[in-house]
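A.B. asks: Below you'll find my_file_1.cif; it's mmCIF, C-alpha atoms (C1' of nucleotides).
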data_start
loop_
_atom_site.label_atom_id
_atom_site.label_comp_id
_atom_site.auth_asym_id
_atom_site.auth_seq_id
_atom_site.Cartn_x
_atom_site.Cartn_y
_atom_site.Cartn_z
CA MET A 1 0.00 0.00 0.00
CA LYS A 2 2.36 2.68 -1.19
CA GLN A 3 1.10 6.10 -0.20
CA PRO A 4 1.50 9.03 -2.59
CA PHE A 5 4.19 11.67 -2.17
CA HIS A 6 3.46 14.71 -0.05
CA PRO A 7 5.87 17.65 0.19
CA GLU A 8 7.29 18.79 3.50
CA THR A 9 5.47 21.57 5.27
CA ALA A 10 8.46 23.86 4.72
CA GLU A 11 8.16 23.30 0.98
CA ILE A 12 4.67 24.75 0.75
CA THR A 13 4.94 28.09 -1.04
CA LEU A 14 2.44 30.87 -1.48
CA THR A 15 2.84 31.00 -5.23
CA GLY A 16 2.48 27.23 -5.41
CA VAL A 17 -0.76 27.32 -3.47
CA LEU A 18 -2.13 30.17 -5.58
CA ALA A 19 -1.20 28.42 -8.81
CA ALA A 20 -2.92 25.25 -7.65
CA LEU A 21 -6.06 27.19 -6.80
CA SER A 22 -6.14 29.08 -10.09
CA ASP A 23 -8.10 26.39 -11.90
CA PRO A 24 -11.89 26.02 -11.67
CA VAL A 25 -11.82 22.23 -11.40
CA ARG A 26 -9.30 22.28 -8.60
CA LEU A 27 -11.07 25.10 -6.83
CA LYS A 28 -14.24 23.04 -6.87
CA ILE A 29 -12.46 20.01 -5.45
CA VAL A 30 -10.97 22.04 -2.64
CA ALA A 31 -14.30 23.69 -1.88
CA GLU A 32 -16.02 20.32 -1.59
CA VAL A 33 -13.33 18.92 0.67
CA VAL A 34 -13.36 21.98 2.90
CA THR A 35 -17.11 21.93 3.38
CA GLY A 36 -17.69 18.19 3.42
CA GLY A 37 -14.49 16.73 4.81
CA GLU A 38 -12.81 13.71 3.34
CA ARG A 39 -14.14 12.55 -0.01
CA GLY A 40 -13.54 9.56 -2.22
CA SER A 41 -11.94 10.68 -5.43
CA THR A 42 -14.86 9.39 -7.50
CA GLU A 43 -17.33 11.60 -5.68
CA PHE A 44 -16.39 14.82 -7.42
CA ASP A 45 -18.83 15.44 -10.22
CA CYS A 46 -16.39 16.79 -12.75
CA LYS A 47 -17.03 15.83 -16.33
CA ILE A 48 -13.40 15.15 -17.07
CA ALA A 49 -11.46 11.97 -17.73
CA GLY A 50 -10.22 10.01 -14.75
CA SER A 51 -6.63 10.59 -15.72
CA THR A 52 -7.24 14.32 -15.79
CA LEU A 53 -8.85 14.23 -12.35
CA SER A 54 -5.87 12.29 -11.09
CA HIS A 55 -3.64 15.00 -12.52
CA HIS A 56 -5.52 17.77 -10.75
CA ILE A 57 -5.48 15.96 -7.43
CA LYS A 58 -1.77 15.50 -7.83
CA GLN A 59 -1.32 19.23 -8.40
CA LEU A 60 -3.25 19.98 -5.22
CA ARG A 61 -1.33 17.38 -3.26
CA GLU A 62 2.07 18.60 -4.40
CA ALA A 63 1.08 22.19 -3.62
CA GLY A 64 0.43 21.10 -0.04
CA ILE A 65 -3.31 21.68 -0.11
CA LEU A 66 -4.64 18.13 -0.03
CA GLN A 67 -3.87 14.95 1.81
CA HIS A 68 -4.19 11.81 -0.24
CA ARG A 69 -4.85 8.45 1.35
CA LYS A 70 -5.12 5.09 -0.35
CA GLU A 71 -7.25 2.39 1.14
CA GLY A 72 -7.62 -0.78 -0.81
CA THR A 73 -8.48 0.20 -4.34
CA ARG A 74 -10.00 3.49 -3.24
CA CYS A 75 -8.46 6.90 -2.76
CA PHE A 76 -9.60 9.53 -0.31
CA VAL A 77 -8.60 13.16 -0.27
CA SER A 78 -8.97 15.67 2.52
CA LEU A 79 -7.65 19.06 3.42
CA ARG A 80 -4.07 19.06 4.61
CA PRO A 81 -4.10 20.53 8.10
CA GLU A 82 -0.62 22.07 7.87
CA LEU A 83 -1.89 24.46 5.25
CA GLU A 84 -3.81 26.39 7.86
CA GLN A 85 -0.68 26.69 9.96
CA VAL A 86 1.46 27.91 7.09
CA PHE A 87 -1.09 30.31 5.62
CA PRO A 88 -3.78 30.82 8.25
CA GLY A 89 -7.01 32.16 6.81
CA LEU A 90 -5.83 32.10 3.23
CA LEU A 91 -8.01 29.28 2.04
CA GLU A 92 -11.11 30.69 3.67
CA SER A 93 -10.43 34.07 2.07
CA VAL A 94 -10.21 32.52 -1.35
CA LEU A 95 -13.07 30.06 -1.08
CA ARG A 96 -15.41 32.78 0.08
CA PHE A 97 -15.52 33.85 -3.55
CA ALA A 98 -15.32 30.43 -5.13
CA PRO A 99 -18.94 30.15 -6.31
CA LYS A 100 -18.28 32.94 -8.80
CA ASP A 101 -16.14 30.54 -10.76
CA VAL A 102 -17.27 27.12 -9.65
CA ALA A 103 -21.01 27.49 -9.93
CA MET B 1 -1.99 59.08 -25.85
CA LYS B 2 -3.68 55.73 -26.25
CA GLN B 3 -4.28 54.12 -22.88
CA PRO B 4 -3.87 50.38 -22.46
CA PHE B 5 -6.77 47.96 -22.37
CA HIS B 6 -8.43 47.18 -19.06
CA PRO B 7 -11.12 44.51 -18.70
CA GLU B 8 -14.59 45.30 -17.43
CA THR B 9 -15.17 44.82 -13.73
CA ALA B 10 -17.57 41.98 -14.50
CA GLU B 11 -14.82 40.19 -16.36
CA ILE B 12 -12.57 39.91 -13.31
CA THR B 13 -12.53 36.26 -12.24
CA LEU B 14 -11.22 34.61 -9.12
CA THR B 15 -9.14 32.09 -11.01
CA GLY B 16 -7.75 34.86 -13.18
CA VAL B 17 -6.68 36.86 -10.15
CA LEU B 18 -5.12 33.84 -8.47
CA ALA B 19 -3.25 32.88 -11.61
CA ALA B 20 -1.89 36.41 -11.95
CA LEU B 21 -0.72 36.36 -8.34
CA SER B 22 0.92 32.95 -8.60
CA ASP B 23 4.21 34.37 -9.84
CA PRO B 24 6.89 35.80 -7.55
CA VAL B 25 7.71 38.75 -9.81
CA ARG B 26 4.08 39.76 -10.12
CA LEU B 27 3.45 39.25 -6.44
CA LYS B 28 6.30 41.59 -5.69
CA ILE B 29 4.95 44.23 -8.05
CA VAL B 30 1.52 44.06 -6.47
CA ALA B 31 2.97 44.20 -2.97
CA GLU B 32 4.93 47.33 -3.79
CA VAL B 33 1.95 49.02 -5.34
CA VAL B 34 -0.31 48.15 -2.43
CA THR B 35 2.07 49.50 0.18
CA GLY B 36 3.51 52.43 -1.73
CA GLY B 37 0.71 53.54 -4.05
CA GLU B 38 1.29 54.39 -7.68
CA ARG B 39 4.71 53.54 -9.04
CA GLY B 40 6.54 54.24 -12.27
CA SER B 41 7.16 51.01 -14.07
CA THR B 42 10.94 51.51 -13.94
CA GLU B 43 10.92 51.62 -10.17
CA PHE B 44 10.48 47.91 -9.57
CA ASP B 45 13.86 46.38 -8.90
CA CYS B 46 13.37 43.16 -10.79
CA LYS B 47 16.38 41.82 -12.61
CA ILE B 48 14.44 40.94 -15.72
CA ALA B 49 14.34 42.39 -19.21
CA GLY B 50 12.09 45.35 -19.84
CA SER B 51 10.02 43.35 -22.25
CA THR B 52 9.44 40.69 -19.62
CA LEU B 53 8.43 43.28 -17.08
CA SER B 54 6.00 44.72 -19.60
CA HIS B 55 4.56 41.26 -20.04
CA HIS B 56 4.02 40.75 -16.31
CA ILE B 57 2.37 44.13 -15.92
CA LYS B 58 0.08 43.23 -18.77
CA GLN B 59 -0.91 40.02 -17.03
CA LEU B 60 -1.76 41.91 -13.87
CA ARG B 61 -3.69 44.52 -15.79
CA GLU B 62 -5.72 41.99 -17.76
CA ALA B 63 -6.49 40.08 -14.57
CA GLY B 64 -8.04 43.27 -13.19
CA ILE B 65 -5.48 43.81 -10.47
CA LEU B 66 -3.61 46.84 -11.75
CA GLN B 67 -4.46 50.12 -13.37
CA HIS B 68 -2.04 51.26 -16.02
CA ARG B 69 -1.67 54.88 -16.96
CA LYS B 70 0.55 56.40 -19.61
CA GLU B 71 1.86 59.88 -19.25
CA GLY B 72 4.29 61.13 -21.80
CA THR B 73 6.89 58.45 -22.25
CA ARG B 74 6.36 57.12 -18.77
CA CYS B 75 3.99 54.49 -17.42
CA PHE B 76 2.50 54.37 -13.97
CA VAL B 77 0.75 51.46 -12.36
CA SER B 78 -1.47 51.42 -9.32
CA LEU B 79 -3.92 49.10 -7.65
CA ARG B 80 -7.23 48.86 -9.44
CA PRO B 81 -9.87 49.92 -6.91
CA GLU B 82 -12.63 47.70 -8.33
CA LEU B 83 -10.69 44.65 -7.23
CA GLU B 84 -11.53 45.36 -3.61
CA GLN B 85 -15.21 45.59 -4.51
CA VAL B 86 -15.23 42.34 -6.43
CA PHE B 87 -13.13 40.35 -3.97
CA PRO B 88 -13.03 42.32 -0.74
CA GLY B 89 -10.17 41.33 1.52
CA LEU B 90 -8.69 38.84 -0.91
CA LEU B 91 -5.58 40.78 -1.78
CA GLU B 92 -4.81 41.59 1.83
CA SER B 93 -5.18 37.92 2.77
CA VAL B 94 -2.72 36.90 0.09
CA LEU B 95 -0.17 39.67 0.54
CA ARG B 96 0.01 39.00 4.25
CA PHE B 97 2.13 35.99 3.32
CA ALA B 98 3.93 37.49 0.38
CA PRO B 99 7.36 38.00 2.01
CA LYS B 100 7.75 34.23 2.16
CA ASP B 101 8.13 34.22 -1.60
CA VAL B 102 9.13 37.74 -2.46
CA ALA B 103 11.94 38.31 0.00
"C1'" DT C 1 13.99 67.83 -37.56
"C1'" DA C 2 17.02 64.89 -35.17
"C1'" DT C 3 17.94 62.51 -30.93
"C1'" DA C 4 17.06 60.32 -26.62
"C1'" DT C 5 13.90 58.05 -23.40
"C1'" DT C 6 10.52 54.83 -22.37
"C1'" DG C 7 7.60 51.09 -23.14
"C1'" DT C 8 5.32 47.85 -26.22
"C1'" DT C 9 5.22 44.45 -29.65
"C1'" DC C 10 7.27 40.82 -32.36
"C1'" DG C 11 9.76 36.66 -33.19
"C1'" DA C 12 12.14 32.80 -31.31
"C1'" DT C 13 12.77 29.36 -27.91
"C1'" DA C 14 11.91 26.46 -24.12
"C1'" DT C 15 8.84 25.11 -20.71
"C1'" DT C 16 4.57 24.10 -18.59
"C1'" DC C 17 -0.31 22.99 -18.52
"C1'" DG C 18 -4.79 20.78 -19.30
"C1'" DA C 19 -6.77 17.32 -21.64
"C1'" DC C 20 -7.35 12.67 -23.54
"C1'" DG C 21 -6.85 7.57 -24.29
"C1'" DA C 22 -4.09 3.60 -23.54
"C1'" DA C 23 -1.40 0.91 -20.77
"C1'" DC C 24 -0.11 -0.37 -16.25
"C1'" DA C 25 -0.39 -1.37 -11.13
"C1'" DT C 26 -2.70 -2.63 -7.10
"C1'" DA C 27 -6.00 -4.75 -4.24
"C1'" DG C 28 -10.11 -7.12 -3.45
"C1'" DA C 29 -13.57 -10.69 -5.22
"C1'" DA C 30 -14.93 -14.88 -7.61
"C1'" DT D 1 -5.35 -17.75 -10.09
"C1'" DT D 2 -8.32 -15.10 -12.84
"C1'" DC D 3 -11.39 -11.26 -13.07
"C1'" DT D 4 -12.93 -6.62 -11.75
"C1'" DA D 5 -12.68 -2.06 -9.91
"C1'" DT D 6 -10.02 1.93 -9.07
"C1'" DG D 7 -6.37 5.06 -9.82
"C1'" DT D 8 -1.84 6.24 -11.66
"C1'" DT D 9 1.45 6.83 -15.19
"C1'" DC D 10 2.80 7.45 -19.99
"C1'" DG D 11 2.71 9.44 -24.44
"C1'" DT D 12 0.80 12.88 -26.98
"C1'" DC D 13 -1.50 16.97 -28.50
"C1'" DG D 14 -2.48 21.93 -28.71
"C1'" DA D 15 -2.52 26.04 -26.03
"C1'" DA D 16 -0.55 29.00 -22.92
"C1'" DT D 17 3.55 30.94 -20.41
"C1'" DA D 18 8.17 32.99 -19.40
"C1'" DT D 19 12.05 34.76 -21.12
"C1'" DC D 20 15.07 37.27 -24.12
"C1'" DG D 21 16.76 40.53 -27.78
"C1'" DA D 22 15.49 43.26 -31.62
"C1'" DA D 23 12.54 46.20 -33.82
"C1'" DC D 24 9.04 49.58 -33.39
"C1'" DA D 25 6.08 53.53 -31.64
"C1'" DA D 26 5.26 57.56 -29.06
"C1'" DT D 27 6.68 61.43 -26.71
"C1'" DA D 28 9.73 64.88 -25.01
"C1'" DT D 29 13.87 67.53 -25.77
"C1'" DA D 30 17.81 69.68 -28.19
#
Will you turn the file into structure tokens for me?
C.D. replies:
Amino acid sequence: MKQPFHPETAEITLTGVLAALSDPVRLKIVAEVVTGGERGSTEFDCKIAGSTLSHHIKQLREAGILQHRKEGTRCFVSLRPELEQVFPGLLESVLRFAPKDVA
Amino acid sequence: MKQPFHPETAEITLTGVLAALSDPVRLKIVAEVVTGGERGSTEFDCKIAGSTLSHHIKQLREAGILQHRKEGTRCFVSLRPELEQVFPGLLESVLRFAPKDVA
DNA sequence: TATATTGTTCGATATTCGACGAACATAGAA
DNA sequence: TTCTATGTTCGTCGAATATCGAACAATATA
């Protein structure tokens, strides 16, 4: 059960986080995880190919925004708690305006 | 004295703003403008070519973050006030962490 | 008018990104 | 072991991005 790579907390950068959030699909994923907690990676209703979804989740994981846990054949993503310590309040400030793009 | 193109307020998007801010050079420019008000475009101490600087300023302008004013042979950029109306508090929340990348 | 200053635009190059399908890997089920 | 479900990785494509130098445009000044 090899778990996916996550960067160190010290490697989380502001520009990296902003770049990861600057995509509507990824913003939607983050918004769902923030409001609903951990989600299986099939539960996001994006009309994109599975490989593309995997790509976006990887971007969010490597930016330090998401945790990614494998369990059996399933994958679960949740918000990475260190993000709030590194950039307290940032995510909330951004997601407050998310519906403008995600809806 | 043709003035450069600025998008309509309604065209300012969250993802567009985040993408524009997800670059260290641009983040630095915005930070300087926010703290120091209007600046001549030669006053940013970035060690990049003038054409590249022009490109970055264009990105920020087209994202709705900066105003761009030409006066004679000089150019002056300042924060676009509509940004605060569209996404109140967003810029402050981001720039609070800017030194981590800009310094 | 001629020259200098200041930015912008253009062309070239290299990189990255978002998207897809196909192939692969892993783990559980039959 | 064989099959099935679930994701990941790979290869590829076109589009976008970052960077530079060179050429250009506009304005002020000599």
A.B. asks: Which value, in Å to one decimal, gives the distance between C1' of DT26 in chain C and CA of Glu43 in chain A?
C.D. replies: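 Pair C1' of DT26 in chain C / CA of Glu43 in chain A returns 20.5 Å.
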A.B. asks: May I ask you to extract the residues of chain A within 8 Å of chain C, using only C-alpha atoms (C1' of nucleotides), and to give them as a list in words?
C.D. replies: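 Output check: Ala49, Thr52, Gly72 and Thr73 of chain A.
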A.B. asks: Applying the PyMOL selection byres ((chain A) within 6 of (chain B)) to the file I just gave you, which residues come out? Please list them as a list in words.
C.D. replies: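 Evaluating the PyMOL selection byres ((chain A) within 6 of (chain B)) on these coordinates yields Thr15, Leu18, Ala19, Ser22, Asp23, Leu90 and Ser93 of chain A.
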A.B. asks: Mind listing as a PDB file with C-alpha atoms (C1' of nucleotides), in the frame of the given file which residues of chain D are within 9 Å of chain A, counting all atoms listed in the file?
C.D. replies:
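So the final result, stored in selection_14.pdb, reads:
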ATOM      1  C1'  DA D   5     -12.680  -2.060  -9.910  1.00  0.00           C
ATOM      2  C1'  DT D   6     -10.020   1.930  -9.070  1.00  0.00           C
ATOM      3  C1'  DG D   7      -6.370   5.060  -9.820  1.00  0.00           C
ATOM      4  C1'  DT D   8      -1.840   6.240 -11.660  1.00  0.00           C
ATOM      5  C1'  DT D   9       1.450   6.830 -15.190  1.00  0.00           C
TER       6       DT D   9
END
A.B. asks: Superposition of chain B onto chain A by least squares over all sequentially paired C-alpha atoms; the transformed chain is requested as a PDB file with C-alpha atoms, in the frame of the given file.
C.D. replies:
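Output file part.pdb follows:
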ATOM      1  CA  MET B   1      -0.009  -0.022   0.052  1.00  0.00           C
ATOM      2  CA  LYS B   2       2.363   2.673  -1.108  1.00  0.00           C
ATOM      3  CA  GLN B   3       1.056   6.100  -0.180  1.00  0.00           C
ATOM      4  CA  PRO B   4       1.502   9.012  -2.557  1.00  0.00           C
ATOM      5  CA  PHE B   5       4.173  11.653  -2.143  1.00  0.00           C
ATOM      6  CA  HIS B   6       3.438  14.718  -0.050  1.00  0.00           C
ATOM      7  CA  PRO B   7       5.852  17.652   0.198  1.00  0.00           C
ATOM      8  CA  GLU B   8       7.303  18.799   3.493  1.00  0.00           C
ATOM      9  CA  THR B   9       5.463  21.586   5.255  1.00  0.00           C
ATOM     10  CA  ALA B  10       8.444  23.872   4.697  1.00  0.00           C
ATOM     11  CA  GLU B  11       8.159  23.300   0.979  1.00  0.00           C
ATOM     12  CA  ILE B  12       4.660  24.765   0.749  1.00  0.00           C
ATOM     13  CA  THR B  13       4.928  28.111  -1.038  1.00  0.00           C
ATOM     14  CA  LEU B  14       2.426  30.890  -1.477  1.00  0.00           C
ATOM     15  CA  THR B  15       2.837  31.023  -5.227  1.00  0.00           C
ATOM     16  CA  GLY B  16       2.492  27.260  -5.401  1.00  0.00           C
ATOM     17  CA  VAL B  17      -0.766  27.349  -3.477  1.00  0.00           C
ATOM     18  CA  LEU B  18      -2.149  30.188  -5.576  1.00  0.00           C
ATOM     19  CA  ALA B  19      -1.204  28.456  -8.799  1.00  0.00           C
ATOM     20  CA  ALA B  20      -2.911  25.263  -7.653  1.00  0.00           C
ATOM     21  CA  LEU B  21      -6.061  27.198  -6.792  1.00  0.00           C
ATOM     22  CA  SER B  22      -6.145  29.111 -10.066  1.00  0.00           C
ATOM     23  CA  ASP B  23      -8.084  26.397 -11.870  1.00  0.00           C
ATOM     24  CA  PRO B  24     -11.863  26.012 -11.669  1.00  0.00           C
ATOM     25  CA  VAL B  25     -11.791  22.216 -11.407  1.00  0.00           C
ATOM     26  CA  ARG B  26      -9.267  22.273  -8.593  1.00  0.00           C
ATOM     27  CA  LEU B  27     -11.050  25.085  -6.827  1.00  0.00           C
ATOM     28  CA  LYS B  28     -14.204  23.033  -6.875  1.00  0.00           C
ATOM     29  CA  ILE B  29     -12.431  20.000  -5.455  1.00  0.00           C
ATOM     30  CA  VAL B  30     -10.949  22.036  -2.636  1.00  0.00           C
ATOM     31  CA  ALA B  31     -14.280  23.686  -1.889  1.00  0.00           C
ATOM     32  CA  GLU B  32     -15.999  20.330  -1.593  1.00  0.00           C
ATOM     33  CA  VAL B  33     -13.325  18.943   0.658  1.00  0.00           C
ATOM     34  CA  VAL B  34     -13.348  21.995   2.899  1.00  0.00           C
ATOM     35  CA  THR B  35     -17.098  21.947   3.389  1.00  0.00           C
ATOM     36  CA  GLY B  36     -17.689  18.211   3.400  1.00  0.00           C
ATOM     37  CA  GLY B  37     -14.491  16.732   4.827  1.00  0.00           C
ATOM     38  CA  GLU B  38     -12.796  13.714   3.326  1.00  0.00           C
ATOM     39  CA  ARG B  39     -14.137  12.570  -0.015  1.00  0.00           C
ATOM     40  CA  GLY B  40     -13.554   9.566  -2.231  1.00  0.00           C
ATOM     41  CA  SER B  41     -11.965  10.679  -5.439  1.00  0.00           C
ATOM     42  CA  THR B  42     -14.888   9.353  -7.501  1.00  0.00           C
ATOM     43  CA  GLU B  43     -17.333  11.594  -5.704  1.00  0.00           C
ATOM     44  CA  PHE B  44     -16.402  14.828  -7.434  1.00  0.00           C
ATOM     45  CA  ASP B  45     -18.838  15.446 -10.244  1.00  0.00           C
ATOM     46  CA  CYS B  46     -16.400  16.801 -12.774  1.00  0.00           C
ATOM     47  CA  LYS B  47     -17.018  15.849 -16.363  1.00  0.00           C
ATOM     48  CA  ILE B  48     -13.389  15.120 -17.074  1.00  0.00           C
ATOM     49  CA  ALA B  49     -11.460  11.931 -17.705  1.00  0.00           C
ATOM     50  CA  GLY B  50     -10.245   9.970 -14.721  1.00  0.00           C
ATOM     51  CA  SER B  51      -6.670  10.536 -15.720  1.00  0.00           C
ATOM     52  CA  THR B  52      -7.231  14.279 -15.789  1.00  0.00           C
ATOM     53  CA  LEU B  53      -8.845  14.200 -12.388  1.00  0.00           C
ATOM     54  CA  SER B  54      -5.872  12.252 -11.086  1.00  0.00           C
ATOM     55  CA  HIS B  55      -3.624  14.936 -12.493  1.00  0.00           C
ATOM     56  CA  HIS B  56      -5.503  17.754 -10.762  1.00  0.00           C
ATOM     57  CA  ILE B  57      -5.487  15.945  -7.441  1.00  0.00           C
ATOM     58  CA  LYS B  58      -1.769  15.487  -7.821  1.00  0.00           C
ATOM     59  CA  GLN B  59      -1.315  19.202  -8.371  1.00  0.00           C
ATOM     60  CA  LEU B  60      -3.254  19.979  -5.221  1.00  0.00           C
ATOM     61  CA  ARG B  61      -1.341  17.397  -3.247  1.00  0.00           C
ATOM     62  CA  GLU B  62       2.064  18.614  -4.398  1.00  0.00           C
ATOM     63  CA  ALA B  63       1.076  22.198  -3.627  1.00  0.00           C
ATOM     64  CA  GLY B  64       0.434  21.111  -0.037  1.00  0.00           C
ATOM     65  CA  ILE B  65      -3.296  21.682  -0.112  1.00  0.00           C
ATOM     66  CA  LEU B  66      -4.628  18.141  -0.030  1.00  0.00           C
ATOM     67  CA  GLN B  67      -3.863  14.952   1.800  1.00  0.00           C
ATOM     68  CA  HIS B  68      -4.194  11.817  -0.259  1.00  0.00           C
ATOM     69  CA  ARG B  69      -4.832   8.460   1.306  1.00  0.00           C
ATOM     70  CA  LYS B  70      -5.123   5.099  -0.391  1.00  0.00           C
ATOM     71  CA  GLU B  71      -7.232   2.386   1.075  1.00  0.00           C
ATOM     72  CA  GLY B  72      -7.666  -0.771  -0.877  1.00  0.00           C
ATOM     73  CA  THR B  73      -8.511   0.222  -4.405  1.00  0.00           C
ATOM     74  CA  ARG B  74     -10.015   3.490  -3.299  1.00  0.00           C
ATOM     75  CA  CYS B  75      -8.479   6.915  -2.782  1.00  0.00           C
ATOM     76  CA  PHE B  76      -9.604   9.532  -0.328  1.00  0.00           C
ATOM     77  CA  VAL B  77      -8.603  13.153  -0.263  1.00  0.00           C
ATOM     78  CA  SER B  78      -8.963  15.659   2.523  1.00  0.00           C
ATOM     79  CA  LEU B  79      -7.659  19.073   3.429  1.00  0.00           C
ATOM     80  CA  ARG B  80      -4.073  19.058   4.593  1.00  0.00           C
ATOM     81  CA  PRO B  81      -4.101  20.552   8.095  1.00  0.00           C
ATOM     82  CA  GLU B  82      -0.611  22.078   7.855  1.00  0.00           C
ATOM     83  CA  LEU B  83      -1.884  24.479   5.229  1.00  0.00           C
ATOM     84  CA  GLU B  84      -3.807  26.408   7.855  1.00  0.00           C
ATOM     85  CA  GLN B  85      -0.657  26.693   9.952  1.00  0.00           C
ATOM     86  CA  VAL B  86       1.473  27.923   7.088  1.00  0.00           C
ATOM     87  CA  PHE B  87      -1.077  30.332   5.632  1.00  0.00           C
ATOM     88  CA  PRO B  88      -3.762  30.832   8.252  1.00  0.00           C
ATOM     89  CA  GLY B  89      -6.997  32.169   6.833  1.00  0.00           C
ATOM     90  CA  LEU B  90      -5.817  32.112   3.241  1.00  0.00           C
ATOM     91  CA  LEU B  91      -8.006  29.290   2.041  1.00  0.00           C
ATOM     92  CA  GLU B  92     -11.101  30.698   3.689  1.00  0.00           C
ATOM     93  CA  SER B  93     -10.451  34.093   2.093  1.00  0.00           C
ATOM     94  CA  VAL B  94     -10.208  32.526  -1.336  1.00  0.00           C
ATOM     95  CA  LEU B  95     -13.071  30.055  -1.064  1.00  0.00           C
ATOM     96  CA  ARG B  96     -15.409  32.781   0.097  1.00  0.00           C
ATOM     97  CA  PHE B  97     -15.513  33.855  -3.544  1.00  0.00           C
ATOM     98  CA  ALA B  98     -15.312  30.446  -5.115  1.00  0.00           C
ATOM     99  CA  PRO B  99     -18.954  30.130  -6.263  1.00  0.00           C
ATOM    100  CA  LYS B 100     -18.311  32.905  -8.769  1.00  0.00           C
ATOM    101  CA  ASP B 101     -16.157  30.498 -10.731  1.00  0.00           C
ATOM    102  CA  VAL B 102     -17.269  27.091  -9.596  1.00  0.00           C
ATOM    103  CA  ALA B 103     -21.019  27.411  -9.931  1.00  0.00           C
TER     104      ALA B 103
END
A.B. asks: Please indicate the distance in Å from CA of Leu83 in chain A to CA of Ala10 in chain A, rounded to one decimal place.
C.D. replies: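 CA of Leu83 in chain A sits 10.4 Å away from CA of Ala10 in chain A.
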A.B. asks: I'd like the interatomic distance between CA of Glu8 in chain B and CA of Arg80 in chain B, to a tenth of an Å.
C.D. replies: 11.4 Å
A.B. asks: From the list B:Ile48, B:Val77, B:Leu60, B:Leu66, which residue is nearest DT19 in chain D when using all atoms listed in the file?
C.D. replies: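 Smallest separation from DT19 in chain D among the options: B:Ile48.
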A.B. asks: Using the chain letters and numbers from this file, what does the PyMOL selection byres ((chain A and resi 33) around 12) select? Give the answer as a VMD selection string.
C.D. replies: chain A and resid 26 to 32 34 to 41 43 to 44 57 60 65 to 68 76 to 81 91 95
A.B. asks: Enclose all atoms of range 23-36 of chain B listed in the file in an axis-aligned box, grow every side by 6 Å, and hand back centre and edge lengths in Å to one decimal, as lines of an AutoDock Vina configuration file.
C.D. replies:
center_x = 3.7
center_y = 43.4
center_z = -5.0
size_x = 20.0
size_y = 30.1
size_z = 22.3
A.B. asks: Copy range 43-56 of chain B out of the block into a file, keeping N, CA and C atoms, as a PDB file, in the first residue's frame.
C.D. replies:
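After the write, decode-v7.pdb holds the following:
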ATOM      1  N   GLU B  43      10.503  51.577 -11.566  1.00  0.00           N
ATOM      2  CA  GLU B  43      10.919  51.617 -10.167  1.00  0.00           C
ATOM      3  C   GLU B  43      10.909  50.259  -9.480  1.00  0.00           C
ATOM      4  N   PHE B  44      10.464  49.239 -10.178  1.00  0.00           N
ATOM      5  CA  PHE B  44      10.480  47.910  -9.571  1.00  0.00           C
ATOM      6  C   PHE B  44      11.856  47.315  -9.795  1.00  0.00           C
ATOM      7  N   ASP B  45      12.508  46.911  -8.719  1.00  0.00           N
ATOM      8  CA  ASP B  45      13.857  46.379  -8.897  1.00  0.00           C
ATOM      9  C   ASP B  45      13.809  44.877  -9.162  1.00  0.00           C
ATOM     10  N   CYS B  46      13.331  44.545 -10.345  1.00  0.00           N
ATOM     11  CA  CYS B  46      13.371  43.161 -10.791  1.00  0.00           C
ATOM     12  C   CYS B  46      14.531  43.062 -11.780  1.00  0.00           C
ATOM     13  N   LYS B  47      15.251  41.993 -11.691  1.00  0.00           N
ATOM     14  CA  LYS B  47      16.375  41.816 -12.615  1.00  0.00           C
ATOM     15  C   LYS B  47      15.906  41.015 -13.831  1.00  0.00           C
ATOM     16  N   ILE B  48      14.946  41.576 -14.518  1.00  0.00           N
ATOM     17  CA  ILE B  48      14.436  40.935 -15.721  1.00  0.00           C
ATOM     18  C   ILE B  48      14.421  41.969 -16.837  1.00  0.00           C
ATOM     19  N   ALA B  49      14.333  41.483 -18.063  1.00  0.00           N
ATOM     20  CA  ALA B  49      14.344  42.387 -19.207  1.00  0.00           C
ATOM     21  C   ALA B  49      13.095  43.261 -19.192  1.00  0.00           C
ATOM     22  N   GLY B  50      13.228  44.431 -19.779  1.00  0.00           N
ATOM     23  CA  GLY B  50      12.093  45.345 -19.840  1.00  0.00           C
ATOM     24  C   GLY B  50      10.891  44.749 -20.526  1.00  0.00           C
ATOM     25  N   SER B  51      11.148  43.963 -21.543  1.00  0.00           N
ATOM     26  CA  SER B  51      10.021  43.354 -22.249  1.00  0.00           C
ATOM     27  C   SER B  51       9.301  42.343 -21.371  1.00  0.00           C
ATOM     28  N   THR B  52      10.069  41.652 -20.534  1.00  0.00           N
ATOM     29  CA  THR B  52       9.444  40.686 -19.625  1.00  0.00           C
ATOM     30  C   THR B  52       8.631  41.409 -18.554  1.00  0.00           C
ATOM     31  N   LEU B  53       9.169  42.497 -18.054  1.00  0.00           N
ATOM     32  CA  LEU B  53       8.426  43.280 -17.077  1.00  0.00           C
ATOM     33  C   LEU B  53       7.120  43.784 -17.686  1.00  0.00           C
ATOM     34  N   SER B  54       7.198  44.261 -18.905  1.00  0.00           N
ATOM     35  CA  SER B  54       6.005  44.721 -19.598  1.00  0.00           C
ATOM     36  C   SER B  54       4.965  43.603 -19.703  1.00  0.00           C
ATOM     37  N   HIS B  55       5.444  42.425 -19.958  1.00  0.00           N
ATOM     38  CA  HIS B  55       4.559  41.264 -20.041  1.00  0.00           C
ATOM     39  C   HIS B  55       3.856  41.003 -18.714  1.00  0.00           C
ATOM     40  N   HIS B  56       4.611  41.038 -17.617  1.00  0.00           N
ATOM     41  CA  HIS B  56       4.019  40.754 -16.309  1.00  0.00           C
ATOM     42  C   HIS B  56       2.995  41.821 -15.928  1.00  0.00           C
TER      43      HIS B  56
END
